[in-house]
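Student: Just my_file.txt, nothing more (compact mmCIF, C-alpha atoms):
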```txt
# COMPACT_ATOMS: atom_id res chain seq x y z
CA MET R 29 7.34 7.93 -20.57
CA LEU R 30 8.24 7.39 -16.93
CA ILE R 31 9.31 9.97 -14.35
CA SER R 32 11.09 9.41 -11.04
CA GLN R 33 13.02 11.32 -8.40
CA VAL R 34 16.43 10.18 -7.19
CA LEU R 35 19.37 11.32 -5.11
CA ASP R 36 22.63 11.86 -6.99
CA ALA R 37 26.08 10.99 -5.59
CA ALA R 38 26.14 14.29 -3.69
CA GLY R 39 22.72 13.69 -2.13
CA ASN R 40 20.90 16.22 -4.32
CA ARG R 41 17.41 15.52 -5.64
CA CYS R 42 17.14 14.98 -9.39
CA VAL R 43 14.24 14.31 -11.72
CA VAL R 44 14.78 11.36 -14.04
CA VAL R 45 12.95 10.73 -17.31
CA ARG R 46 12.86 7.28 -18.88
CA ASN R 47 11.90 6.57 -22.46
CA GLY R 48 12.22 2.90 -23.25
CA SER R 49 15.18 1.42 -21.42
CA GLU R 50 17.27 4.58 -21.06
CA ALA R 51 16.78 6.86 -18.04
CA CYS R 52 18.39 10.30 -17.90
CA ILE R 53 18.48 13.22 -15.51
CA LEU R 54 16.33 16.17 -16.58
CA LYS R 55 18.40 19.34 -16.38
CA GLY R 56 17.10 22.57 -14.88
CA ILE R 57 14.35 20.98 -12.79
CA GLY R 58 14.61 20.42 -9.04
CA SER R 59 11.52 18.27 -8.47
CA THR R 60 8.58 16.62 -10.22
CA TYR R 61 6.27 19.07 -8.43
CA GLU R 62 8.22 21.99 -9.90
CA LEU R 63 8.01 20.40 -13.35
CA VAL R 64 4.25 19.90 -13.10
CA LEU R 65 3.64 23.50 -12.01
CA GLU R 66 5.76 24.69 -14.93
CA ALA R 67 3.73 22.63 -17.38
CA ILE R 68 0.43 23.91 -15.95
CA GLY R 69 1.71 27.50 -16.03
CA LYS R 70 2.81 27.18 -19.67
CA LYS R 71 -0.40 25.36 -20.64
CA GLN R 72 1.68 22.48 -21.95
CA SER R 73 1.32 18.77 -21.55
CA LEU R 74 3.90 17.23 -19.24
CA THR R 75 5.59 15.58 -22.23
CA GLU R 76 5.79 18.89 -24.09
CA CYS R 77 7.25 20.61 -21.04
CA ILE R 78 9.87 17.90 -20.58
CA ARG R 79 10.96 18.32 -24.20
CA THR R 80 11.83 21.96 -23.55
CA HIS R 81 14.52 20.83 -21.10
CA GLU R 82 17.86 19.24 -21.85
CA LEU R 83 18.60 15.69 -20.79
CA GLY R 84 21.71 15.05 -18.72
CA ALA R 85 23.62 11.97 -17.65
CA ALA R 86 22.12 8.51 -17.92
CA VAL R 87 21.35 6.68 -14.66
CA ASP R 88 20.76 3.07 -13.70
CA LEU R 89 17.47 3.13 -11.78
CA GLU R 90 17.67 -0.51 -10.76
CA LYS R 91 21.07 0.13 -9.16
CA LEU R 92 19.84 3.31 -7.47
CA ALA R 93 16.92 1.31 -6.06
CA GLU R 94 19.36 -1.21 -4.58
CA GLU R 95 21.31 1.68 -3.04
CA GLY R 96 18.18 3.27 -1.52
CA ARG R 97 18.51 6.42 -3.59
CA ILE R 98 15.06 6.48 -5.20
CA LEU R 99 12.55 8.91 -3.70
CA LEU R 100 8.80 9.16 -4.12
CA PRO R 101 8.10 10.07 -7.77
CA ILE R 102 6.33 13.23 -6.56
CA ASP R 103 5.90 14.98 -3.22
CA HIS R 104 5.03 18.44 -1.88
CA PRO R 105 7.35 20.86 -0.08
CA ASP R 106 4.78 20.90 2.74
CA ALA R 107 3.58 17.40 3.67
CA ALA R 108 0.26 18.82 4.91
CA HIS R 109 -0.61 19.69 1.30
CA MET R 110 -0.29 16.15 0.03
CA HIS R 111 -3.27 13.80 0.42
CA LEU R 112 -3.30 9.99 0.21
CA THR R 113 -6.78 8.61 -0.39
CA GLY R 114 -8.43 5.73 -2.18
CA THR R 115 -11.50 3.80 -3.25
CA GLY R 116 -12.55 0.24 -2.59
CA LEU R 117 -14.83 -2.36 -4.18
CA THR R 118 -13.96 -0.96 -7.61
CA HIS R 119 -12.44 -4.06 -9.23
CA LEU R 120 -14.17 -7.12 -10.64
CA GLY R 121 -13.58 -9.84 -8.08
CA SER R 122 -12.85 -7.43 -5.24
CA ALA R 123 -16.19 -8.02 -3.55
CA ALA R 124 -15.64 -11.72 -2.88
CA THR R 125 -12.78 -11.18 -0.44
CA ARG R 126 -14.44 -8.27 1.28
CA ASP R 127 -17.77 -10.07 1.45
CA ALA R 128 -16.14 -12.99 3.25
CA MET R 129 -14.52 -10.62 5.73
CA HIS R 130 -17.81 -8.90 6.53
CA ALA R 131 -20.26 -11.80 6.21
CA LYS R 132 -23.21 -11.66 8.57
CA ASP R 133 -23.80 -14.39 11.13
CA ASP R 134 -26.89 -15.95 9.61
CA ASP R 135 -27.79 -18.58 7.06
CA GLU R 136 -30.01 -16.49 4.83
CA GLU R 137 -28.68 -16.81 1.30
CA THR R 138 -30.48 -13.64 0.33
CA GLN R 139 -28.74 -11.58 3.03
CA LEU R 140 -26.18 -9.33 1.36
CA THR R 141 -23.38 -7.56 3.18
CA ASP R 142 -22.99 -3.82 2.70
CA SER R 143 -19.80 -4.60 0.78
CA MET R 144 -21.65 -6.72 -1.77
CA LYS R 145 -24.44 -4.16 -2.07
CA MET R 146 -21.93 -1.41 -2.82
CA PHE R 147 -20.08 -3.59 -5.30
CA ARG R 148 -23.32 -4.32 -7.15
CA MET R 149 -24.10 -0.59 -7.24
CA GLY R 150 -20.79 -0.11 -9.03
CA LEU R 151 -21.57 -2.86 -11.52
CA GLU R 152 -24.91 -1.25 -12.28
CA ASN R 153 -23.87 2.41 -12.49
CA GLY R 154 -20.10 2.75 -12.08
CA LYS R 155 -19.47 3.30 -15.78
CA PRO R 156 -21.79 6.14 -16.83
CA PRO R 157 -21.63 7.83 -20.25
CA ALA R 158 -18.80 10.35 -20.71
CA GLY R 159 -19.53 13.60 -18.92
CA LYS R 160 -22.09 12.02 -16.59
CA ALA R 161 -21.69 11.09 -12.92
CA GLY R 162 -22.31 7.51 -11.90
CA VAL R 163 -22.74 5.99 -8.46
CA GLN R 164 -20.18 7.02 -5.87
CA PRO R 165 -17.68 4.39 -4.69
CA GLU R 166 -16.46 3.50 -1.25
CA TRP R 167 -13.87 6.13 -0.27
CA PHE R 168 -11.15 6.19 2.38
CA TYR R 169 -8.45 8.46 3.75
CA LYS R 170 -4.88 7.30 4.36
CA GLY R 171 -3.32 10.51 5.63
CA ASN R 172 -1.21 13.41 4.41
CA GLY R 173 2.30 13.43 3.02
CA SER R 174 3.74 12.45 6.39
CA VAL R 175 2.57 8.84 5.79
CA ALA R 176 3.89 8.67 2.23
CA THR R 177 6.71 6.12 2.36
CA ALA R 178 9.40 6.16 -0.31
CA PRO R 179 10.22 3.04 -2.31
CA GLY R 180 12.72 0.94 -0.38
CA GLU R 181 11.73 2.38 3.00
CA ASP R 182 9.91 0.41 5.70
CA LEU R 183 6.13 0.50 5.98
CA VAL R 184 5.62 0.75 9.73
CA SER R 185 2.52 -0.42 11.58
CA PRO R 186 1.77 1.47 14.82
CA GLY R 187 1.86 -0.22 18.24
CA PHE R 188 -1.93 -0.32 18.50
CA CYS R 189 -2.38 -2.20 15.23
CA ASP R 190 -3.85 -5.70 14.94
CA ASP R 191 -2.09 -6.53 11.70
CA GLY R 192 -0.36 -5.02 8.69
CA GLY R 193 -0.72 -6.27 5.15
CA GLU R 194 -0.05 -5.22 1.58
CA GLU R 195 -2.57 -4.18 -1.05
CA PRO R 196 -1.16 -3.82 -4.59
CA GLU R 197 -2.87 -0.97 -6.43
CA ILE R 198 -2.57 1.60 -9.17
CA ALA R 199 -2.64 5.19 -7.93
CA GLY R 200 -3.54 8.30 -9.88
CA ILE R 201 -1.26 11.28 -9.20
CA TYR R 202 -2.77 14.78 -9.34
CA VAL R 203 -1.80 18.42 -8.77
CA ILE R 204 -4.36 21.20 -8.31
CA ALA R 205 -3.86 24.33 -10.42
CA SER R 206 -4.20 27.87 -9.06
CA ASP R 207 -7.81 28.06 -10.29
CA GLY R 208 -8.75 24.80 -8.53
CA THR R 209 -8.59 22.56 -11.61
CA PRO R 210 -7.27 19.05 -10.90
CA PHE R 211 -4.55 17.94 -13.35
CA ARG R 212 -3.69 14.28 -13.61
CA VAL R 213 0.09 13.87 -13.76
CA GLY R 214 0.10 10.13 -14.32
CA PHE R 215 -0.11 6.75 -12.60
CA ALA R 216 2.11 4.75 -10.27
CA LEU R 217 2.25 1.39 -8.56
CA ALA R 218 1.14 1.63 -4.94
CA ASN R 219 1.12 -0.43 -1.77
CA GLU R 220 -1.98 0.58 0.17
CA PHE R 221 -0.81 -0.91 3.48
CA SER R 222 -3.80 -1.70 5.74
CA ASP R 223 -4.86 -3.47 8.95
CA HIS R 224 -7.15 -6.22 7.72
CA VAL R 225 -7.58 -7.93 11.10
CA MET R 226 -8.95 -4.69 12.55
CA GLU R 227 -11.25 -4.21 9.57
CA ARG R 228 -12.59 -7.76 9.84
CA GLN R 229 -13.79 -7.18 13.42
CA ASN R 230 -16.37 -4.68 12.22
CA TYR R 231 -16.88 -2.96 8.88
CA LEU R 232 -17.15 0.37 10.70
CA TYR R 233 -13.48 -0.04 11.65
CA LEU R 234 -12.54 0.37 7.99
CA ALA R 235 -11.62 4.03 8.50
CA HIS R 236 -9.28 3.13 11.38
CA SER R 237 -7.72 0.26 9.43
CA LYS R 238 -6.74 2.58 6.56
CA LEU R 239 -4.91 5.16 8.68
CA ARG R 240 -1.54 3.59 7.94
CA PRO R 241 1.51 4.45 5.83
CA ALA R 242 1.47 3.76 2.11
CA SER R 243 4.09 3.71 -0.62
CA PHE R 244 3.96 4.46 -4.34
CA GLY R 245 6.36 4.56 -7.27
CA PRO R 246 9.25 4.24 -7.89
CA GLU R 247 8.31 5.56 -11.33
CA LEU R 248 5.34 7.55 -12.54
CA LEU R 249 3.73 6.59 -15.85
CA VAL R 250 2.85 9.69 -17.91
CA GLY R 251 -0.18 9.43 -20.19
CA ASP R 252 -3.21 7.19 -20.18
CA LEU R 253 -3.58 4.09 -18.05
CA PRO R 254 -3.72 0.93 -20.16
CA LYS R 255 -7.20 -0.59 -20.32
CA SER R 256 -5.79 -3.69 -18.65
CA VAL R 257 -2.85 -3.71 -16.25
CA GLU R 258 -1.39 -7.08 -15.31
CA GLY R 259 0.93 -7.12 -12.32
CA THR R 260 2.35 -9.40 -9.67
CA SER R 261 2.49 -9.04 -5.89
CA ARG R 262 5.06 -11.05 -3.92
CA ILE R 263 6.06 -11.38 -0.30
CA TYR R 264 9.60 -12.41 0.58
CA ARG R 265 10.57 -13.78 3.97
CA ASN R 266 14.26 -14.36 4.69
CA GLY R 267 14.98 -14.07 0.99
CA SER R 268 12.39 -16.64 -0.17
CA VAL R 269 8.98 -16.06 -1.75
CA ILE R 270 6.25 -17.15 0.68
CA TRP R 271 3.31 -15.80 -1.35
CA GLU R 272 2.85 -14.69 -4.94
CA LYS R 273 -0.23 -13.75 -6.92
CA PRO R 274 -1.12 -11.78 -10.04
CA PHE R 275 -3.33 -8.72 -9.84
CA LEU R 276 -5.35 -6.92 -12.47
CA SER R 277 -6.24 -3.26 -12.81
CA GLY R 278 -7.29 -0.84 -15.52
CA GLU R 279 -10.85 -0.11 -16.59
CA ALA R 280 -11.27 -3.48 -18.34
CA ASN R 281 -11.00 -5.08 -14.90
CA MET R 282 -12.98 -2.48 -12.95
CA SER R 283 -16.62 -1.81 -12.15
CA HIS R 284 -16.06 1.96 -12.32
CA THR R 285 -14.47 4.24 -14.88
CA LEU R 286 -11.49 6.29 -13.78
CA ALA R 287 -13.45 9.41 -14.70
CA ASN R 288 -16.23 8.43 -12.29
CA LEU R 289 -13.79 7.76 -9.46
CA GLU R 290 -12.01 11.05 -10.13
CA HIS R 291 -15.30 12.96 -10.19
CA HIS R 292 -16.39 11.62 -6.82
CA HIS R 293 -13.06 12.56 -5.24
CA PHE R 294 -12.61 16.01 -6.73
CA LYS R 295 -16.27 17.05 -6.49
CA TYR R 296 -15.37 18.24 -2.98
CA ASP R 297 -13.99 21.78 -2.75
CA LEU R 298 -11.72 20.47 0.01
CA PHE R 299 -9.80 18.44 -2.57
CA ARG R 300 -9.42 21.27 -5.08
CA GLN R 301 -7.17 23.54 -3.06
CA PRO R 302 -4.56 25.25 -5.29
CA GLY R 303 -1.13 23.65 -5.19
CA ASP R 304 -2.14 20.46 -3.36
CA VAL R 305 -0.89 17.04 -4.46
CA HIS R 306 -3.23 14.03 -4.44
CA VAL R 307 -2.32 10.35 -4.56
CA HIS R 308 -5.59 8.51 -5.13
CA MET R 309 -5.53 4.70 -5.07
CA PHE R 310 -8.09 2.93 -7.21
CA GLY R 311 -8.51 -0.33 -5.29
CA THR R 312 -7.51 -3.94 -5.76
CA ALA R 313 -8.88 -7.48 -5.82
CA THR R 314 -5.71 -9.20 -4.57
CA LEU R 315 -4.20 -9.36 -1.08
CA SER R 316 -2.29 -12.02 0.83
CA PHE R 317 -4.58 -11.73 3.87
CA ALA R 318 -7.38 -13.30 1.83
CA ASP R 319 -5.16 -16.37 1.38
CA GLY R 320 -4.48 -16.71 5.09
CA VAL R 321 -1.02 -15.11 5.04
CA SER R 322 -0.03 -13.06 8.07
CA CYS R 323 2.83 -10.67 7.39
CA LYS R 324 5.70 -10.55 9.87
CA GLU R 325 8.48 -8.17 10.84
CA GLY R 326 11.03 -7.91 8.05
CA ASP R 327 8.86 -9.34 5.27
CA GLU R 328 9.45 -7.56 1.97
CA VAL R 329 6.61 -6.81 -0.43
CA GLU R 330 7.38 -6.46 -4.13
CA ILE R 331 4.77 -5.06 -6.53
CA SER R 332 5.48 -5.00 -10.25
CA ALA R 333 3.58 -4.47 -13.49
CA HIS R 334 4.60 -4.26 -17.12
CA GLY R 335 5.09 -0.66 -18.23
CA PHE R 336 5.59 0.77 -14.76
CA GLY R 337 9.37 0.42 -14.58
CA VAL R 338 11.24 -0.55 -11.42
CA PRO R 339 9.20 -2.71 -9.01
CA LEU R 340 7.94 -1.15 -5.79
CA LYS R 341 9.62 -2.78 -2.79
CA ASN R 342 9.07 -2.11 0.90
CA LYS R 343 9.87 -4.07 4.02
CA LEU R 344 7.24 -4.31 6.75
CA SER R 345 7.96 -3.22 10.29
CA PHE R 346 5.80 -3.44 13.40
CA THR R 347 6.12 -1.06 16.34
CA PRO R 348 5.97 -2.96 19.66
CA SER R 349 2.45 -2.98 21.10
CA THR R 350 1.65 -0.66 23.94
CA GLN R 351 -1.32 -0.32 26.27
CA SER R 352 -0.58 3.24 27.32
CA ALA R 353 -3.13 5.86 26.38
CA THR R 354 -2.43 9.11 24.59
CA ILE R 355 -2.96 11.85 27.16
CA VAL R 356 -4.37 15.23 26.16
CA LYS R 357 -3.19 18.14 28.29
CA VAL R 358 -5.60 20.88 29.33
CA LEU R 359 -4.58 24.51 28.79
```
Here is a file; write its structure as structure tokens.
Tutor:
Amino acid sequence: MLISQVLDAAGNRCVVVRNGSEACILKGIGSTYELVLEAIGKKQSLTECIRTHELGAAVDLEKLAEEGRILLPIDHPDAAHMHLTGTGLTHLGSAATRDAMHAKDDDEETQLTDSMKMFRMGLENGKPPAGKAGVQPEWFYKGNGSVATAPGEDLVSPGFCDDGGEEPEIAGIYVIASDGTPFRVGFALANEFSDHVMERQNYLYLAHSKLRPASFGPELLVGDLPKSVEGTSRIYRNGSVIWEKPFLSGEANMSHTLANLEHHHFKYDLFRQPGDVHVHMFGTATLSFADGVSCKEGDEVEISAHGFGVPLKNKLSFTPSTQSATIVKVL
């Protein structure tokens, strides 16, 4: 089952449920967030809760995507209570690209970068027995709901950026119950837009490089994540594909279990605040920057994977560079 949020002809938000090829409006529900809270309150699974509501008119999600009428599959009424975060070096093969970016300037074959050391830690203890905590992964913060970019909208790099590039990922979507329990709603395609040129200068710039917009959706997969997810990431320039590459996700292609990644995010009280929404991206091993591609103004990124519905598409936009400093006023 897939869930999405769209605008109807009158501009009103609707929740859409897709089973197979048919997508229909879910009556009596104003938002995915409202639906999730209802399911938690009734102690029902999301699927059970959906079945208590009547389905309305059928919709063509592909057409709505072309018309720019698909919203994020979930959001929060207050953007400050939505958190976009992620983990890195979690996928088999992900260390090679990062290791090259952060290689040390010496010829010692035995010298390992911090990236490779962390990746090996995941290989050794990223998949602990059920109920046990394994090694913690690399973790990063993207921002709150104000940086969450809807499918079809532009991902905008700030004027002080060095670059802007796509990262195709799978994101887990979570809502925190009133007692602080995290509930996983489902999974969505994500574009974890980052500044790889800035990151390459110095590994300690990683935190800066991640403070960028990100997009996810258009549809949210309810239920378990397949053990292996096979997707494709493409970049279009002036209507033509300039770069295309498959990407793999799911635990069969990862050095950590999802449970271990979830534990190390939600072990913090900060991330178990009642009512908050979390979009947690699980990492990737594929990005165009590793192949020497530099994204330009107007390039469109398309991320797709079987079982996730409508592809995620966003154009890239770059704010003109500026040398002016941000001035803090004294009270």
Student: Find the smallest box with edges along x, y and z containing every listed atom of region 84-101 of chain R, then add 3 Å on each side and report centre and edge lengths in Å to one decimal, as lines of an AutoDock Vina configuration file.
Tutor:
```
center_x = 15.9
center_y = 6.9
center_z = -10.1
size_x = 21.5
size_y = 22.3
size_z = 23.2
```
Student: For the atom pair CA of Thr118 (chain R) and CA of Ala161 (chain R), what is the interatomic distance in Å to one decimal place?
Tutor: 15.3 Å
Student: List the residues sitting within 6 Å of (-1.3, -1.2, 0.5) in the file's frame, using all atoms listed in the file, as a list in words.
Tutor: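 Residues lying no farther than 6 Å from the given point: Glu194, Glu195, Pro196, Asn219, Glu220, Phe221, Ser222 and Ala242 of chain R.
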Student: Do you know which residues are at most 8 Å from Met309 (chain R) counting all atoms listed in the file, after dropping those on the same chain fewer than 4 positions away, and could you put them as a list in words?
Tutor: Leu112, Thr113, Gly114, Thr115, Glu197, Ile198, Ala199, Gly200, Ala218 and Glu220 of chain R
Student: Please determine, counting only C-alpha atoms, which residue among R:Ile68, R:Leu30, R:Ala287, R:Ile201 has the shortest atom-to-atom distance to Gly335 (chain R).
Tutor: R:Leu30
Student: Do a neighbour search on region 81-89 of chain R at 8 Å with all atoms listed in the file, toss out local chain neighbours closer than 5 positions, and write the hits as a CSV table (one decimal) with C-alpha atoms, keeping the file's coordinate frame.
Tutor:
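Result saved to around22.csv:
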```csv
chain,number,residue,atom,x,y,z
R,50,GLU,CA,17.3,4.6,-21.1
R,51,ALA,CA,16.8,6.9,-18.0
R,52,CYS,CA,18.4,10.3,-17.9
R,53,ILE,CA,18.5,13.2,-15.5
R,54,LEU,CA,16.3,16.2,-16.6
R,55,LYS,CA,18.4,19.3,-16.4
R,56,GLY,CA,17.1,22.6,-14.9
R,98,ILE,CA,15.1,6.5,-5.2
R,338,VAL,CA,11.2,-0.6,-11.4
```
Student: Quick one, how far is CA of Gly180 (chain R) from CA of Glu290 (chain R)?
Tutor: 28.4 Å
Student: Choose the residue, out of R:Gly187, R:Gly259, R:Gly214, R:Gly208, that has the smallest atom-to-atom separation from Thr350 (chain R); count only C-alpha atoms.
Tutor: R:Gly187
Student: I want to know what sits within 6 Å of Ile331 (chain R), based on all atoms listed in the file, with residues of the same chain fewer than 5 positions away left out; could you give that as a PDB file with C-alpha atoms, in the coordinates of the input?
Tutor:
```pdb
ATOM      1  CA  THR R 260       2.350  -9.400  -9.670  1.00  0.00           C
ATOM      2  CA  SER R 261       2.490  -9.040  -5.890  1.00  0.00           C
ATOM      3  CA  PRO R 339       9.200  -2.710  -9.010  1.00  0.00           C
ATOM      4  CA  LEU R 340       7.940  -1.150  -5.790  1.00  0.00           C
TER       5      LEU R 340
END
```
Student: Given the choices R:Ser322, R:Thr75, R:Thr285, R:Ser237, which gets closest to Asp223 (chain R) if the distance is worked out from only C-alpha atoms?
Tutor: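 Result for the nearest residue to Asp223 (chain R): R:Ser237.
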Student: Figure out the distance between CA of Ile263 (chain R) and CA of Asp191 (chain R), please, to one decimal in Å.
Tutor: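 Distance reported for this atom pair: 15.3 Å.
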Student: With distances taken over all atoms listed in the file, which of R:Arg212, R:Phe168, R:Gly193, R:His334 is nearest to His236 (chain R)?
Tutor: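 So, comparing all the options, the nearest one is R:Phe168.
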Student: Calculated over all atoms listed in the file, which of the candidates R:Ile57, R:Ala108, R:Val269, R:Leu100 has the smallest distance to Gln33 (chain R)?
Tutor: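 Between R:Ile57, R:Ala108, R:Val269, R:Leu100, the residue approaching Gln33 (chain R) most closely is R:Leu100.
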Student: Can you pull out every residue within 12 Å of Ser73 (chain R), counting all atoms listed in the file, but drop anything in the same chain fewer than 6 positions away, and send it as an MDAnalysis selection string?
Tutor: chainID R and resid 63:67 79:80 211:214 250:251
Student: Restricted to C-alpha atoms, what would the selected residues look like written as a compact mmCIF listing (two decimals), keeping the file's coordinate frame?
Tutor:
```txt
# COMPACT_ATOMS: atom_id res chain seq x y z
CA LEU R 63 8.01 20.40 -13.35
CA VAL R 64 4.25 19.90 -13.10
CA LEU R 65 3.64 23.50 -12.01
CA GLU R 66 5.76 24.69 -14.93
CA ALA R 67 3.73 22.63 -17.38
CA ARG R 79 10.96 18.32 -24.20
CA THR R 80 11.83 21.96 -23.55
CA PHE R 211 -4.55 17.94 -13.35
CA ARG R 212 -3.69 14.28 -13.61
CA VAL R 213 0.09 13.87 -13.76
CA GLY R 214 0.10 10.13 -14.32
CA VAL R 250 2.85 9.69 -17.91
CA GLY R 251 -0.18 9.43 -20.19
```
Student: Pick out the closest residue to Leu315 (chain R) from this set: R:Arg265, R:His119, R:Lys273, R:Arg148. Count all atoms listed in the file.
Tutor: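 The shortest atom-to-atom distance to Leu315 (chain R) comes from R:Lys273.
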Student: With all heavy atoms as the goal, would you fill in the gaps in region 298-306 of chain R and present it as an mmCIF file, in the frame of the given file?
Tutor:
```cif
data_model
loop_
_atom_site.group_PDB
_atom_site.id
_atom_site.type_symbol
_atom_site.label_atom_id
_atom_site.label_comp_id
_atom_site.auth_asym_id
_atom_site.auth_seq_id
_atom_site.Cartn_x
_atom_site.Cartn_y
_atom_site.Cartn_z
ATOM 1 N N LEU R 298 -12.843 20.774 -0.868
ATOM 2 C CA LEU R 298 -11.720 20.470 0.010
ATOM 3 C C LEU R 298 -10.546 19.899 -0.768
ATOM 4 O O LEU R 298 -9.380 20.153 -0.436
ATOM 5 C CB LEU R 298 -12.178 19.476 1.077
ATOM 6 C CG LEU R 298 -11.110 18.843 1.966
ATOM 7 C CD1 LEU R 298 -10.457 19.904 2.843
ATOM 8 C CD2 LEU R 298 -11.721 17.744 2.817
ATOM 9 N N PHE R 299 -10.842 19.124 -1.817
ATOM 10 C CA PHE R 299 -9.800 18.440 -2.570
ATOM 11 C C PHE R 299 -9.422 19.178 -3.860
ATOM 12 O O PHE R 299 -8.768 18.597 -4.734
ATOM 13 C CB PHE R 299 -10.225 17.009 -2.884
ATOM 14 C CG PHE R 299 -10.411 16.176 -1.649
ATOM 15 C CD1 PHE R 299 -11.481 15.301 -1.542
ATOM 16 C CD2 PHE R 299 -9.520 16.267 -0.591
ATOM 17 C CE1 PHE R 299 -11.658 14.535 -0.395
ATOM 18 C CE2 PHE R 299 -9.689 15.514 0.554
ATOM 19 C CZ PHE R 299 -10.761 14.644 0.653
ATOM 20 N N ARG R 300 -9.815 20.446 -3.939
ATOM 21 C CA ARG R 300 -9.420 21.270 -5.080
ATOM 22 C C ARG R 300 -8.731 22.547 -4.610
ATOM 23 O O ARG R 300 -8.928 23.619 -5.164
ATOM 24 C CB ARG R 300 -10.627 21.590 -5.966
ATOM 25 C CG ARG R 300 -11.300 20.366 -6.579
ATOM 26 C CD ARG R 300 -12.207 20.747 -7.763
ATOM 27 N NE ARG R 300 -13.140 21.817 -7.419
ATOM 28 C CZ ARG R 300 -14.321 21.634 -6.860
ATOM 29 N NH1 ARG R 300 -14.728 20.407 -6.559
ATOM 30 N NH2 ARG R 300 -15.104 22.660 -6.595
ATOM 31 N N GLN R 301 -7.911 22.396 -3.577
ATOM 32 C CA GLN R 301 -7.170 23.540 -3.060
ATOM 33 C C GLN R 301 -5.908 23.767 -3.875
ATOM 34 O O GLN R 301 -5.119 22.840 -4.082
ATOM 35 C CB GLN R 301 -6.814 23.318 -1.589
ATOM 36 C CG GLN R 301 -8.012 23.157 -0.664
ATOM 37 C CD GLN R 301 -8.947 24.354 -0.717
ATOM 38 O OE1 GLN R 301 -8.518 25.486 -0.464
ATOM 39 N NE2 GLN R 301 -10.203 24.129 -1.049
ATOM 40 N N PRO R 302 -5.687 24.981 -4.402
ATOM 41 C CA PRO R 302 -4.560 25.250 -5.290
ATOM 42 C C PRO R 302 -3.217 24.788 -4.718
ATOM 43 O O PRO R 302 -2.904 25.035 -3.553
ATOM 44 C CB PRO R 302 -4.588 26.778 -5.434
ATOM 45 C CG PRO R 302 -6.035 27.126 -5.273
ATOM 46 C CD PRO R 302 -6.539 26.179 -4.210
ATOM 47 N N GLY R 303 -2.474 24.090 -5.552
ATOM 48 C CA GLY R 303 -1.130 23.650 -5.190
ATOM 49 C C GLY R 303 -1.054 22.301 -4.517
ATOM 50 O O GLY R 303 0.039 21.733 -4.401
ATOM 51 N N ASP R 304 -2.175 21.743 -4.074
ATOM 52 C CA ASP R 304 -2.140 20.460 -3.360
ATOM 53 C C ASP R 304 -1.810 19.306 -4.315
ATOM 54 O O ASP R 304 -2.117 19.349 -5.511
ATOM 55 C CB ASP R 304 -3.489 20.176 -2.692
ATOM 56 C CG ASP R 304 -3.667 20.949 -1.395
ATOM 57 O OD1 ASP R 304 -2.781 21.750 -1.051
ATOM 58 O OD2 ASP R 304 -4.703 20.745 -0.722
ATOM 59 N N VAL R 305 -1.194 18.279 -3.741
ATOM 60 C CA VAL R 305 -0.890 17.040 -4.460
ATOM 61 C C VAL R 305 -1.805 15.947 -3.931
ATOM 62 O O VAL R 305 -2.016 15.834 -2.717
ATOM 63 C CB VAL R 305 0.582 16.622 -4.267
ATOM 64 C CG1 VAL R 305 0.845 15.254 -4.898
ATOM 65 C CG2 VAL R 305 1.516 17.670 -4.856
ATOM 66 N N HIS R 306 -2.365 15.141 -4.832
ATOM 67 C CA HIS R 306 -3.230 14.030 -4.440
ATOM 68 C C HIS R 306 -2.696 12.720 -5.009
ATOM 69 O O HIS R 306 -2.338 12.646 -6.189
ATOM 70 C CB HIS R 306 -4.657 14.244 -4.955
ATOM 71 C CG HIS R 306 -5.389 15.327 -4.241
ATOM 72 N ND1 HIS R 306 -6.336 15.080 -3.274
ATOM 73 C CD2 HIS R 306 -5.293 16.680 -4.338
ATOM 74 C CE1 HIS R 306 -6.802 16.231 -2.811
ATOM 75 N NE2 HIS R 306 -6.186 17.212 -3.434
#
```
